[in-house]
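Below is work07.txt, holding compact mmCIF, C-alpha atoms.
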# COMPACT_ATOMS: atom_id res chain seq x y z
CA MET S 1 109.67 145.04 132.63
CA ALA S 2 109.13 143.58 129.21
CA SER S 3 110.96 140.33 128.85
CA MET S 4 112.14 139.63 125.36
CA LEU S 5 110.89 136.27 124.24
CA THR S 6 110.83 134.66 120.86
CA ARG S 7 107.61 133.17 119.65
CA GLU S 8 108.96 129.69 120.38
CA GLU S 9 109.94 130.60 123.93
CA LEU S 10 106.56 132.11 124.56
CA ALA S 11 104.76 129.05 123.14
CA LEU S 12 106.89 126.85 125.38
CA ALA S 13 106.14 128.93 128.48
CA LEU S 14 102.45 128.80 127.66
CA ALA S 15 102.58 125.02 127.24
CA ARG S 16 104.31 124.71 130.63
CA ALA S 17 101.70 126.96 132.20
CA GLY S 18 99.13 124.58 130.74
CA GLN S 19 100.75 121.83 132.78
CA GLY S 20 100.39 123.86 135.94
CA ASP S 21 103.81 125.54 136.02
CA ARG S 22 103.27 128.87 137.77
CA SER S 23 106.69 130.26 137.13
CA ALA S 24 106.23 129.64 133.39
CA PHE S 25 102.87 131.36 133.67
CA ARG S 26 104.59 134.31 135.34
CA THR S 27 106.98 134.43 132.39
CA VAL S 28 104.02 134.58 130.01
CA TYR S 29 102.54 137.39 132.07
CA GLU S 30 105.79 139.38 132.18
CA ALA S 31 106.28 139.08 128.44
CA THR S 32 102.75 139.86 127.32
CA SER S 33 100.79 141.79 129.95
CA ALA S 34 101.81 145.24 128.67
CA LYS S 35 100.72 144.31 125.17
CA LEU S 36 97.41 142.89 126.38
CA LEU S 37 96.73 145.88 128.63
CA GLY S 38 97.26 148.07 125.56
CA VAL S 39 94.59 146.04 123.77
CA CYS S 40 92.14 146.20 126.71
CA LEU S 41 92.74 149.90 127.25
CA ARG S 42 92.24 150.72 123.60
CA ILE S 43 88.76 149.16 123.73
CA LEU S 44 87.70 150.21 127.22
CA SER S 45 89.40 153.64 127.54
CA ASP S 46 89.43 153.28 131.31
CA ARG S 47 92.55 152.19 133.08
CA GLN S 48 90.92 150.52 136.06
CA LEU S 49 88.35 148.69 133.98
CA ALA S 50 91.08 147.62 131.58
CA GLU S 51 93.21 146.22 134.42
CA ASP S 52 90.17 144.38 135.75
CA VAL S 53 89.65 142.75 132.39
CA LEU S 54 93.37 142.06 132.14
CA GLN S 55 93.23 140.18 135.42
CA ASP S 56 90.25 138.19 134.12
CA THR S 57 92.06 137.53 130.90
CA TYR S 58 95.08 135.96 132.59
CA ILE S 59 92.95 133.78 134.81
CA THR S 60 91.24 132.54 131.66
CA VAL S 61 94.65 132.05 130.06
CA TRP S 62 95.73 129.93 133.02
CA THR S 63 92.66 127.69 132.84
CA LYS S 64 92.81 127.40 129.05
CA ALA S 65 96.56 127.21 128.52
CA SER S 66 96.45 123.44 128.15
CA THR S 67 94.19 123.86 125.12
CA PHE S 68 96.64 126.16 123.33
CA ASP S 69 98.00 124.45 120.24
CA ALA S 70 101.22 125.98 118.96
CA THR S 71 100.82 124.23 115.62
CA ARG S 72 97.56 126.06 114.97
CA ALA S 73 97.98 129.52 116.45
CA SER S 74 100.72 131.93 117.41
CA PRO S 75 100.80 132.41 121.19
CA ILE S 76 100.52 136.20 121.08
CA THR S 77 97.61 135.97 118.64
CA TRP S 78 95.87 133.55 120.95
CA LEU S 79 96.40 135.84 123.94
CA VAL S 80 95.38 139.01 122.09
CA THR S 81 92.18 137.31 120.92
CA ILE S 82 91.21 136.39 124.49
CA ALA S 83 92.02 139.88 125.83
CA ARG S 84 90.17 141.59 123.00
CA ASN S 85 87.07 139.42 123.30
CA ARG S 86 86.95 139.85 127.06
CA SER S 87 87.27 143.61 126.69
CA ILE S 88 84.50 143.76 124.10
CA ASP S 89 82.24 141.63 126.30
CA ARG S 90 82.83 144.06 129.15
CA LEU S 91 82.34 147.10 126.94
CA ARG S 92 79.01 145.81 125.69
CA ALA S 93 77.84 144.66 129.10
CA ALA S 94 78.49 148.16 130.46
CA ALA S 95 77.28 150.70 127.95
CA PRO S 96 76.80 149.90 124.31
CA MET S 97 77.87 152.60 121.87
CA ARG S 98 79.09 155.01 124.48
CA ARG S 99 82.04 156.02 122.33
CA SER S 100 81.72 158.31 119.42
CA VAL S 101 85.18 159.23 118.23
CA PRO S 102 85.03 159.88 114.49
CA VAL S 103 86.63 157.16 112.48
CA GLU S 104 89.38 159.45 111.12
CA ASP S 105 90.57 160.27 114.63
CA ALA S 106 90.57 156.64 115.55
CA HIS S 107 92.62 155.89 112.49
CA GLU S 108 95.12 158.56 113.40
CA LEU S 109 95.40 157.18 116.92
CA ALA S 110 95.99 153.74 115.54
CA ASP S 111 98.70 154.85 113.19
CA SER S 112 100.55 157.10 115.57
CA ALA S 113 101.15 154.27 118.02
CA PRO S 114 104.59 152.73 117.87
CA LEU S 115 105.11 149.19 116.71
CA ALA S 116 105.99 147.30 119.78
CA SER S 117 105.38 143.63 119.45
CA GLU S 118 108.46 142.54 117.56
CA ALA S 119 109.86 140.97 120.68
CA ILE S 120 107.10 138.40 120.79
CA GLU S 121 105.99 137.87 117.23
CA THR S 122 107.49 137.00 113.91
CA THR S 123 106.55 139.83 111.63
CA GLU S 124 106.09 138.07 108.30
CA GLY S 125 102.40 137.38 108.82
CA ILE S 126 101.81 140.95 109.85
CA GLY S 127 103.64 142.34 106.85
CA ARG S 128 101.39 140.28 104.64
CA LEU S 129 98.28 141.51 106.46
CA HIS S 130 99.26 145.12 105.88
CA LEU S 131 100.06 144.43 102.25
CA CYS S 132 96.60 142.96 101.80
CA LEU S 133 94.90 145.72 103.79
CA ASP S 134 96.52 148.20 101.43
CA THR S 135 94.65 146.64 98.52
CA LEU S 136 91.33 147.69 100.08
CA GLU S 137 89.63 151.03 99.61
CA ASP S 138 90.66 153.51 102.32
CA ARG S 139 87.23 153.74 103.91
CA VAL S 140 86.89 149.96 104.02
CA ARG S 141 90.32 149.48 105.51
CA ASP S 142 89.62 152.15 108.10
CA ALA S 143 86.31 150.56 109.05
CA ILE S 144 87.87 147.12 109.54
CA ARG S 145 90.73 148.60 111.52
CA THR S 146 88.41 150.63 113.74
CA ALA S 147 86.18 147.63 114.33
CA PHE S 148 89.18 145.62 115.43
CA LEU S 149 90.86 148.25 117.56
CA GLU S 150 87.79 149.59 119.31
CA GLY S 151 85.48 146.62 119.28
CA VAL S 152 82.48 148.44 117.86
CA THR S 153 79.60 146.95 115.89
CA TYR S 154 78.19 147.74 112.46
CA ASP S 155 75.73 150.19 113.97
CA ALA S 156 78.42 152.37 115.49
CA LEU S 157 80.64 152.16 112.42
CA ALA S 158 77.79 153.19 110.14
CA SER S 159 76.75 156.16 112.24
CA ARG S 160 80.32 157.38 112.61
CA ASP S 161 80.94 157.24 108.91
CA ASN S 162 77.46 158.54 108.28
CA VAL S 163 76.55 155.80 105.84
CA PRO S 164 73.56 153.43 105.86
CA LEU S 165 73.96 150.26 107.91
CA GLY S 166 73.61 148.11 104.79
CA THR S 167 76.43 149.98 103.11
CA MET S 168 78.75 149.49 106.05
CA LYS S 169 77.89 145.78 106.16
CA SER S 170 78.61 145.30 102.52
CA TRP S 171 81.88 147.26 102.75
CA ILE S 172 83.13 145.08 105.56
CA ARG S 173 81.88 141.78 104.20
CA ARG S 174 83.38 142.43 100.80
CA GLY S 175 86.52 143.81 102.40
CA LEU S 176 86.93 140.68 104.53
CA LEU S 177 86.48 138.36 101.55
CA ARG S 178 88.96 140.36 99.53
CA LEU S 179 91.38 140.31 102.43
CA ARG S 180 91.03 136.56 102.73
CA ASN S 181 91.67 136.05 99.01
CA CYS S 182 94.76 138.19 99.21
CA LEU S 183 96.07 136.49 102.37
CA GLU S 184 95.67 133.09 100.79
CA SER S 185 97.05 133.92 97.36
CA MET Z 1 74.48 153.66 92.32
CA THR Z 2 73.83 150.63 94.39
CA ASP Z 3 76.19 149.66 97.12
CA HIS Z 4 74.35 146.49 98.07
CA PRO Z 5 75.36 143.41 96.15
CA PRO Z 6 73.16 140.35 96.50
CA ASP Z 7 74.04 138.23 99.50
CA ASP Z 8 77.13 136.21 98.83
CA PRO Z 9 76.05 132.64 98.49
CA GLY Z 10 77.84 129.48 99.52
CA PRO Z 11 81.23 129.21 101.20
CA ASP Z 12 81.96 132.92 100.87
CA ASP Z 13 79.00 133.60 103.07
CA ALA Z 14 80.35 131.39 105.86
CA THR Z 15 83.81 132.92 105.44
CA ALA Z 16 82.45 136.46 105.71
CA LEU Z 17 80.22 135.57 108.66
CA ALA Z 18 83.18 133.97 110.46
CA GLY Z 19 85.15 137.16 109.79
CA GLU Z 20 82.33 139.32 111.12
CA LEU Z 21 82.19 137.18 114.24
CA ALA Z 22 85.95 137.37 114.77
CA LEU Z 23 85.87 141.12 114.17
CA ARG Z 24 82.87 141.39 116.55
CA VAL Z 25 80.86 143.73 114.34
CA LEU Z 26 77.59 141.78 114.47
CA PRO Z 27 74.61 143.03 116.50
CA PRO Z 28 73.86 140.91 119.62
CA GLU Z 29 71.23 138.59 118.19
CA GLU Z 30 73.24 137.78 115.08
CA GLU Z 31 76.36 137.37 117.16
CA ALA Z 32 74.60 134.88 119.42
CA ARG Z 33 73.43 132.92 116.39
CA ALA Z 34 76.93 132.90 114.94
CA ARG Z 35 78.39 131.83 118.32
CA ALA Z 36 75.95 128.95 118.41
CA ARG Z 37 77.07 127.94 114.95
CA GLU Z 38 80.71 128.23 116.00
CA ALA Z 39 79.98 125.93 118.92
CA THR Z 40 78.32 123.27 116.79
CA ASP Z 41 79.94 123.49 113.36
CA PRO Z 42 83.67 122.61 113.42
CA ALA Z 43 84.32 123.90 109.89
CA PHE Z 44 82.84 127.25 110.82
CA ALA Z 45 84.77 127.28 114.11
CA ALA Z 46 87.97 126.69 112.14
CA GLU Z 47 87.09 129.69 109.93
CA VAL Z 48 86.64 131.87 113.00
CA GLU Z 49 89.97 130.70 114.38
CA ALA Z 50 91.67 131.45 111.07
CA TRP Z 51 90.24 134.96 111.10
CA ASN Z 52 91.33 135.50 114.69
CA GLY Z 53 94.84 134.62 113.61
CA GLN Z 54 94.76 136.86 110.57
CA LEU Z 55 93.13 139.89 112.18
CA ALA Z 56 95.22 139.82 115.34
CA GLY Z 57 98.01 141.45 113.36
CA LEU Z 58 95.99 144.67 113.60
CA ALA Z 59 96.86 144.75 117.29
CA GLU Z 60 100.41 145.52 116.26
CA ALA Z 61 99.40 149.16 116.03
CA ILE Z 62 98.52 149.24 119.73
CA ALA Z 63 101.19 150.54 122.06
CA PRO Z 64 101.88 148.38 125.12
CA VAL Z 65 100.97 149.82 128.51
CA GLN Z 66 102.67 148.48 131.62
CA PRO Z 67 100.04 147.23 134.09
CA SER Z 68 100.14 148.44 137.69
CA ALA Z 69 102.14 146.33 140.09
CA GLY Z 70 98.92 145.27 141.80
CA VAL Z 71 97.57 143.30 138.86
CA TRP Z 72 99.87 140.28 139.04
CA PRO Z 73 99.14 139.53 142.73
CA ARG Z 74 95.43 139.62 141.94
CA VAL Z 75 95.93 137.28 139.01
CA GLU Z 76 97.97 134.96 141.17
CA ALA Z 77 95.36 135.00 143.91
CA GLY Z 78 92.76 134.08 141.32
CA LEU Z 79 94.64 131.01 140.14
CA SER Z 80 93.84 128.77 143.07
CA GLY Z 81 90.13 129.44 142.68
CA ALA Z 82 90.35 128.81 138.98
CA GLY Z 83 92.14 125.51 139.41
CA SER Z 84 95.31 124.71 137.56
CA ALA Z 85 94.94 123.48 134.05
CA ALA Z 86 97.07 120.44 134.78
CA ASN Z 87 95.42 119.25 137.96
CA ASP Z 88 91.90 119.65 136.81
CA HIS Z 89 91.99 118.95 133.10
CA GLY Z 90 91.54 122.45 131.90
CA ARG Z 91 88.14 123.89 132.07
CA ALA Z 92 86.67 121.19 134.24
CA GLY Z 93 88.29 122.91 137.22
CA PHE Z 94 86.95 126.24 136.18
CA TRP Z 95 83.44 124.87 135.83
CA ARG Z 96 83.64 122.97 139.06
CA ALA Z 97 84.67 126.10 140.93
CA TRP Z 98 81.68 127.80 139.45
CA ALA Z 99 79.27 125.02 140.25
CA PHE Z 100 80.37 124.94 143.89
CA GLY Z 101 79.85 128.66 144.09
CA SER Z 102 76.32 128.27 142.86
CA THR Z 103 75.28 125.35 145.04
CA SER Z 104 76.47 127.02 148.18
CA LEU Z 105 74.04 129.77 147.38
CA LEU Z 106 71.14 127.39 146.87
CA ALA Z 107 68.97 128.81 149.60
CA ALA Z 108 67.03 131.59 148.05
CA SER Z 109 63.93 132.11 146.40
CA LEU Z 110 61.69 131.87 143.45
CA VAL Z 111 61.69 134.62 140.91
CA ALA Z 112 58.72 135.93 139.03
CA LEU Z 113 59.37 134.40 135.67
CA ALA Z 114 55.89 134.68 134.32
CA VAL Z 115 56.47 138.32 133.52
CA LEU Z 116 59.01 137.54 130.86
CA VAL Z 117 56.91 135.01 129.11
CA ALA Z 118 54.05 137.39 128.68
CA ARG Z 119 56.22 139.73 126.64
CA PRO Z 120 55.28 141.37 124.30
CA ALA Z 121 51.73 141.31 125.63
CA PRO Z 122 50.59 144.29 127.74
CA PRO Z 123 51.77 144.41 131.36
CA PRO Z 124 50.75 141.21 133.13
CA LEU Z 125 51.23 140.34 136.75
CA VAL Z 126 54.47 141.64 138.17
CA GLN Z 127 55.86 140.03 141.28
CA PRO Z 128 58.80 141.56 143.08
CA SER Z 129 61.99 139.62 142.60
CA PRO Z 130 63.37 138.38 145.92
CA ALA Z 131 66.85 139.49 146.83
CA GLY Z 132 69.90 137.68 145.53
CA GLY Z 133 68.74 136.06 142.33
CA LEU Z 134 70.24 137.28 139.10
CA THR Z 135 67.78 136.46 136.38
CA ARG Z 136 69.10 135.79 132.91
CA VAL Z 137 66.79 135.83 129.94
CA ALA Z 138 67.01 134.84 126.30
CA THR Z 139 64.79 134.84 123.27
CA LEU Z 140 65.86 132.07 120.95
CA SER Z 141 65.00 132.96 117.37
CA LEU Z 142 64.86 131.00 114.17
CA GLU Z 143 67.13 131.90 111.27
CA SER Z 144 64.24 133.98 109.95
CA GLY Z 145 64.28 136.07 113.13
CA ALA Z 146 60.97 134.66 114.35
CA PRO Z 147 61.09 133.97 118.09
CA ALA Z 148 60.91 130.26 118.92
CA VAL Z 149 61.48 130.06 122.67
CA THR Z 150 61.69 132.52 125.52
CA LEU Z 151 63.82 131.48 128.50
CA ALA Z 152 64.29 132.84 131.96
CA TYR Z 153 66.90 131.48 134.30
CA ASP Z 154 67.56 132.22 137.96
CA THR Z 155 71.27 131.85 138.70
CA VAL Z 156 70.68 131.38 142.42
CA THR Z 157 67.99 128.73 142.45
CA GLY Z 158 68.91 127.07 139.14
CA HIS Z 159 65.30 127.34 138.02
CA LEU Z 160 64.85 127.54 134.29
CA PHE Z 161 61.57 128.55 132.72
CA ILE Z 162 61.03 127.65 129.08
CA ALA Z 163 58.23 129.10 126.97
CA PRO Z 164 58.05 128.05 123.31
CA THR Z 165 56.06 129.94 120.70
CA ARG Z 166 54.25 127.99 118.00
CA ALA Z 167 57.33 128.19 115.78
CA LEU Z 168 58.58 124.76 116.87
CA SER Z 169 55.30 122.88 116.75
CA GLY Z 170 54.72 120.82 113.65
CA ASP Z 171 58.36 119.77 113.48
CA VAL Z 172 58.80 115.99 113.68
CA GLY Z 173 62.05 116.41 115.61
CA VAL Z 174 62.33 116.79 119.37
CA PRO Z 175 63.76 120.17 120.43
CA HIS Z 176 66.85 119.95 122.62
CA LEU Z 177 68.19 122.90 124.57
CA TRP Z 178 71.94 123.73 124.66
CA LEU Z 179 74.12 126.13 126.59
CA VAL Z 180 76.79 127.84 124.50
CA ARG Z 181 79.98 127.99 126.54
CA PRO Z 182 82.09 131.13 126.68
CA ASP Z 183 85.24 131.52 124.59
CA GLY Z 184 84.12 129.20 121.84
CA ALA Z 185 84.45 126.16 124.09
CA GLY Z 186 81.54 124.32 122.52
CA VAL Z 187 78.07 123.57 123.78
CA GLN Z 188 76.58 121.64 126.64
CA LEU Z 189 73.29 119.78 126.50
CA VAL Z 190 70.59 120.86 128.92
CA GLY Z 191 68.08 118.33 127.64
CA ALA Z 192 64.98 117.75 125.55
CA ILE Z 193 62.29 120.36 125.98
CA ASP Z 194 58.59 120.46 125.31
CA GLY Z 195 58.21 122.41 122.09
CA SER Z 196 54.48 122.90 122.45
CA ALA Z 197 53.91 124.17 126.00
CA ALA Z 198 55.68 126.14 128.70
CA SER Z 199 57.70 124.06 131.14
CA ARG Z 200 60.15 124.53 133.96
CA ARG Z 201 63.06 122.59 135.31
CA THR Z 202 65.82 123.00 137.86
CA LEU Z 203 69.37 122.71 136.58
CA ASP Z 204 71.79 120.56 138.57
CA ALA Z 205 74.85 122.16 140.10
CA VAL Z 206 77.16 121.64 137.14
CA LEU Z 207 74.68 122.91 134.57
CA ALA Z 208 73.68 125.76 136.85
CA GLY Z 209 77.27 127.00 136.95
CA ALA Z 210 77.54 126.75 133.19
CA ALA Z 211 74.24 128.57 132.70
CA GLY Z 212 75.46 131.45 134.84
CA GLN Z 213 78.33 131.96 132.38
CA ALA Z 214 76.85 130.97 129.03
CA PRO Z 215 76.72 133.84 126.56
CA ALA Z 216 73.97 132.19 124.54
CA MET Z 217 71.61 129.25 124.27
CA ALA Z 218 70.50 127.26 121.27
CA ILE Z 219 67.94 124.67 120.18
CA SER Z 220 68.65 121.65 118.00
CA MET Z 221 66.07 119.33 116.50
CA GLU Z 222 66.88 115.69 117.21
CA ALA Z 223 65.26 112.56 115.84
CA PRO Z 224 62.54 111.23 118.17
CA GLY Z 225 63.97 108.77 120.68
CA HIS Z 226 67.54 109.90 120.04
CA THR Z 227 69.64 111.58 122.72
CA PRO Z 228 72.73 113.34 121.37
CA ALA Z 229 76.11 113.45 123.12
CA ALA Z 230 76.31 116.08 125.88
CA ASP Z 231 78.63 118.29 123.87
CA LYS Z 232 77.39 117.99 120.30
CA PRO Z 233 73.96 118.06 118.71
CA ASP Z 234 73.32 115.57 115.91
CA GLY Z 235 70.33 117.36 114.46
CA PRO Z 236 70.28 120.88 112.96
CA VAL Z 237 70.56 123.91 115.22
CA VAL Z 238 67.32 125.73 114.44
CA ALA Z 239 67.22 128.57 116.94
CA SER Z 240 69.57 130.50 119.18
CA GLY Z 241 69.80 133.68 121.17
CA GLU Z 242 71.94 135.67 123.54
CA LEU Z 243 71.53 135.06 127.26
CA GLN Z 244 71.43 138.39 129.05
CA ALA Z 245 71.09 139.65 132.56
CA LEU Z 246 67.60 140.98 133.16
Output the structure of this file as structure tokens.
Amino acid sequence: MASMLTREELALALARAGQGDRSAFRTVYEATSAKLLGVCLRILSDRQLAEDVLQDTYITVWTKASTFDATRASPITWLVTIARNRSIDRLRAAAPMRRSVPVEDAHELADSAPLASEAIETTEGIGRLHLCLDTLEDRVRDAIRTAFLEGVTYDALASRDNVPLGTMKSWIRRGLLRLRNCLES
Amino acid sequence: MTDHPPDDPGPDDATALAGELALRVLPPEEEARARAREATDPAFAAEVEAWNGQLAGLAEAIAPVQPSAGVWPRVEAGLSGAGSAANDHGRAGFWRAWAFGSTSLLAASLVALAVLVARPAPPPLVQPSPAGGLTRVATLSLESGAPAVTLAYDTVTGHLFIAPTRALSGDVGVPHLWLVRPDGAGVQLVGAIDGSAASRRTLDAVLAGAAGQAPAMAISMEAPGHTPAADKPDGPVVASGELQAL
């Protein structure tokens, strides 16, 4: 069941979990575990592995909850970052570059998925991100999106798009700087 | 047409690198170097955090998937081992649990570390590795990519073997070895090392636990006679590398 929590409620539950409150931690889990499993599964493409990493993720969340600072990060962002990094660590520990879905397909997958996080996130920041992403060239935007969603490195991105590694690096580096300028303007 | 602009100088370079680290597009060696920088350079760490916040919006496109009913009980069962954040001051509990795990295993064996050091020379002596020990290895490289130190670490015995190349000799500073903690939680001092000759040491229980988890290690150069705080180098970080299972 997906509990509907506002960002403030989620931040509060996370803070309580940081003080050792297990029922608050359970609330965090109920409200966010489906989202985080989506993130893990997208990177790992294996349900059992993804649930393993999800379990790991929440144990990390429990031990680190007291370091969460609601004035500096949104709770769902903080949780997604942990789940994504854990998944990528597991992906790379297992079999680097085992995936080879062309970038266009990945893009299509990404876009066909429903938007589902409104219950736990204010959407203004996200709207801005998409506005700024739209200012990038298509291929650059796709590369950044694929890198985020699938957790692949420059090497894999370059070979999928069939461009030299240096070209992919410069696309993404310039794209990131442009994104940053836009987000801060 | 050229698609390769000159490297962006100055602050843009740090901003882009922080973005690359947050996005996780860097190859392993560069990622380890960037992690080491994140652990020692607060301004850079803040950049990475800012990127994490900005890029996380991309996850909006991912559909949620309800976990199986069995996941929560496993999470809950894991909490006691992990220690509650409140009772144990956050990660201290986590690390302590790890350290206990490692000491209780302190019974085994010496591993053939010499093999690793001889790389990339032709096949030297190879001794079979006794059962149980998981050896972790790292090559710490300078910014230029030149290898500075090769490390091998046995997670069971806590033995650490350190073999510097000549890259560090000639520096007036004293090389200090650091563990990079997972999840951007900073660094932990292992101690001063001999930059001119191979040496070995045995990590104590707390460090041994940390070394079993550390994604990377790094070297800072400290002024002679100066010992930095356990969680922050004072001198420049000159070399770093990913710590990997052998």
Sorted by chain and rising residue number, list the residues of chain S at most 7 Å from chain Z (counting only C-alpha atoms), each with its closest atom pair and distance in Å to one decimal, as CSV.
residue,atom,partner,partner_atom,distance
S:Gly18,CA,Z:Ala85,CA,5.5
S:Gln19,CA,Z:Ala86,CA,4.4
S:Gly20,CA,Z:Ala86,CA,4.9
S:Ser33,CA,Z:Pro67,CA,6.9
S:Ala34,CA,Z:Gln66,CA,4.5
S:Lys35,CA,Z:Pro64,CA,4.2
S:Leu37,CA,Z:Val65,CA,5.8
S:Gly38,CA,Z:Pro64,CA,4.7
S:Val39,CA,Z:Ile62,CA,6.5
S:Glu51,CA,Z:Val71,CA,6.9
S:Gln55,CA,Z:Val75,CA,5.3
S:Tyr58,CA,Z:Val75,CA,6.6
S:Ile59,CA,Z:Val75,CA,6.2
S:Trp62,CA,Z:Ala85,CA,6.6
S:Thr63,CA,Z:Ala85,CA,4.9
S:Lys64,CA,Z:Gly90,CA,5.9
S:Ala65,CA,Z:Ala85,CA,6.9
S:Ser66,CA,Z:Ala85,CA,6.1
S:Ala73,CA,Z:Gly53,CA,6.6
S:Thr77,CA,Z:Ala56,CA,5.6
S:Val80,CA,Z:Ala56,CA,6.8
S:Thr81,CA,Z:Asn52,CA,6.5
S:Ala110,CA,Z:Ala61,CA,5.7
S:Asp111,CA,Z:Ala61,CA,6.4
S:Ala113,CA,Z:Ala63,CA,5.5
S:Pro114,CA,Z:Ala63,CA,5.8
S:Leu115,CA,Z:Ala61,CA,5.8
S:Ala116,CA,Z:Ala63,CA,6.2
S:Ser117,CA,Z:Glu60,CA,6.2
S:Ile126,CA,Z:Gly57,CA,5.2
S:Leu129,CA,Z:Gly57,CA,6.9
S:Arg145,CA,Z:Leu58,CA,6.9
S:Ala147,CA,Z:Leu23,CA,6.5
S:Phe148,CA,Z:Leu23,CA,5.7
S:Leu149,CA,Z:Ala59,CA,7.0
S:Gly151,CA,Z:Arg24,CA,6.5
S:Val152,CA,Z:Val25,CA,6.1
S:Thr153,CA,Z:Val25,CA,3.8
S:Tyr154,CA,Z:Val25,CA,5.2
S:Gly166,CA,Z:His4,CA,7.0
S:Thr167,CA,Z:Asp3,CA,6.0
S:Ser170,CA,Z:His4,CA,6.3
S:Arg173,CA,Z:Ala16,CA,5.6
S:Leu176,CA,Z:Ala16,CA,6.3
S:Leu177,CA,Z:Ala16,CA,6.1
Restricted to C-alpha atoms, what would the selected residues look like written as a PDB file, keeping the file's coordinate frame?
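Okay, part_24.pdb is ready:
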ATOM      1  CA  GLY S  18      99.130 124.580 130.740  1.00  0.00           C
ATOM      2  CA  GLN S  19     100.750 121.830 132.780  1.00  0.00           C
ATOM      3  CA  GLY S  20     100.390 123.860 135.940  1.00  0.00           C
ATOM      4  CA  SER S  33     100.790 141.790 129.950  1.00  0.00           C
ATOM      5  CA  ALA S  34     101.810 145.240 128.670  1.00  0.00           C
ATOM      6  CA  LYS S  35     100.720 144.310 125.170  1.00  0.00           C
ATOM      7  CA  LEU S  37      96.730 145.880 128.630  1.00  0.00           C
ATOM      8  CA  GLY S  38      97.260 148.070 125.560  1.00  0.00           C
ATOM      9  CA  VAL S  39      94.590 146.040 123.770  1.00  0.00           C
ATOM     10  CA  GLU S  51      93.210 146.220 134.420  1.00  0.00           C
ATOM     11  CA  GLN S  55      93.230 140.180 135.420  1.00  0.00           C
ATOM     12  CA  TYR S  58      95.080 135.960 132.590  1.00  0.00           C
ATOM     13  CA  ILE S  59      92.950 133.780 134.810  1.00  0.00           C
ATOM     14  CA  TRP S  62      95.730 129.930 133.020  1.00  0.00           C
ATOM     15  CA  THR S  63      92.660 127.690 132.840  1.00  0.00           C
ATOM     16  CA  LYS S  64      92.810 127.400 129.050  1.00  0.00           C
ATOM     17  CA  ALA S  65      96.560 127.210 128.520  1.00  0.00           C
ATOM     18  CA  SER S  66      96.450 123.440 128.150  1.00  0.00           C
ATOM     19  CA  ALA S  73      97.980 129.520 116.450  1.00  0.00           C
ATOM     20  CA  THR S  77      97.610 135.970 118.640  1.00  0.00           C
ATOM     21  CA  VAL S  80      95.380 139.010 122.090  1.00  0.00           C
ATOM     22  CA  THR S  81      92.180 137.310 120.920  1.00  0.00           C
ATOM     23  CA  ALA S 110      95.990 153.740 115.540  1.00  0.00           C
ATOM     24  CA  ASP S 111      98.700 154.850 113.190  1.00  0.00           C
ATOM     25  CA  ALA S 113     101.150 154.270 118.020  1.00  0.00           C
ATOM     26  CA  PRO S 114     104.590 152.730 117.870  1.00  0.00           C
ATOM     27  CA  LEU S 115     105.110 149.190 116.710  1.00  0.00           C
ATOM     28  CA  ALA S 116     105.990 147.300 119.780  1.00  0.00           C
ATOM     29  CA  SER S 117     105.380 143.630 119.450  1.00  0.00           C
ATOM     30  CA  ILE S 126     101.810 140.950 109.850  1.00  0.00           C
ATOM     31  CA  LEU S 129      98.280 141.510 106.460  1.00  0.00           C
ATOM     32  CA  ARG S 145      90.730 148.600 111.520  1.00  0.00           C
ATOM     33  CA  ALA S 147      86.180 147.630 114.330  1.00  0.00           C
ATOM     34  CA  PHE S 148      89.180 145.620 115.430  1.00  0.00           C
ATOM     35  CA  LEU S 149      90.860 148.250 117.560  1.00  0.00           C
ATOM     36  CA  GLY S 151      85.480 146.620 119.280  1.00  0.00           C
ATOM     37  CA  VAL S 152      82.480 148.440 117.860  1.00  0.00           C
ATOM     38  CA  THR S 153      79.600 146.950 115.890  1.00  0.00           C
ATOM     39  CA  TYR S 154      78.190 147.740 112.460  1.00  0.00           C
ATOM     40  CA  GLY S 166      73.610 148.110 104.790  1.00  0.00           C
ATOM     41  CA  THR S 167      76.430 149.980 103.110  1.00  0.00           C
ATOM     42  CA  SER S 170      78.610 145.300 102.520  1.00  0.00           C
ATOM     43  CA  ARG S 173      81.880 141.780 104.200  1.00  0.00           C
ATOM     44  CA  LEU S 176      86.930 140.680 104.530  1.00  0.00           C
ATOM     45  CA  LEU S 177      86.480 138.360 101.550  1.00  0.00           C
TER      46      LEU S 177
END
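For the atom pair formed by CA of Val28 in chain S and CA of Trp78 in chain S, the distance is 12.2 Å, given to one decimal.
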Can you measure CA of Arg181 in chain Z to CA of Ala198 in chain Z for me? One decimal in Å is fine.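 We find that CA of Arg181 in chain Z and CA of Ala198 in chain Z lie 24.5 Å from each other.
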I need the residue nearest Ala211 in chain Z from this list: Z:Thr155, Z:Pro42, Z:Ala36, Z:Pro11. Use all atoms listed in the file for the distance. Z:Thr155
Six-sided padding of 6 Å per side, axis-aligned box over range 157-175 of chain S, centre and edges in Å, one decimal, as lines of an AutoDock Vina configuration file:
center_x = 80.0
center_y = 150.2
center_z = 106.7
size_x = 25.0
size_y = 28.8
size_z = 23.8
For Leu79 in chain S, please output as number ranges by chain all residues within 9 Å (counting all atoms listed in the file; exclusion window: fewer than 5 positions along the same chain). S: 32, 36, 57-58, 61, 74, 84
Take CA of Thr139 in chain Z and CA of Leu179 in chain Z and report the distance between them in Å, one decimal.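 CA of Leu179 in chain Z lies at a distance of 13.2 Å from CA of Thr139 in chain Z.
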Shortest interatomic distance to Thr135 in chain Z - which of Z:Ala148, Z:Gly173, Z:His159, Z:Arg201, counting all atoms listed in the file: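 Of Z:Ala148, Z:Gly173, Z:His159, Z:Arg201, the one nearest Thr135 in chain Z, counting all atoms listed in the file, is Z:His159.
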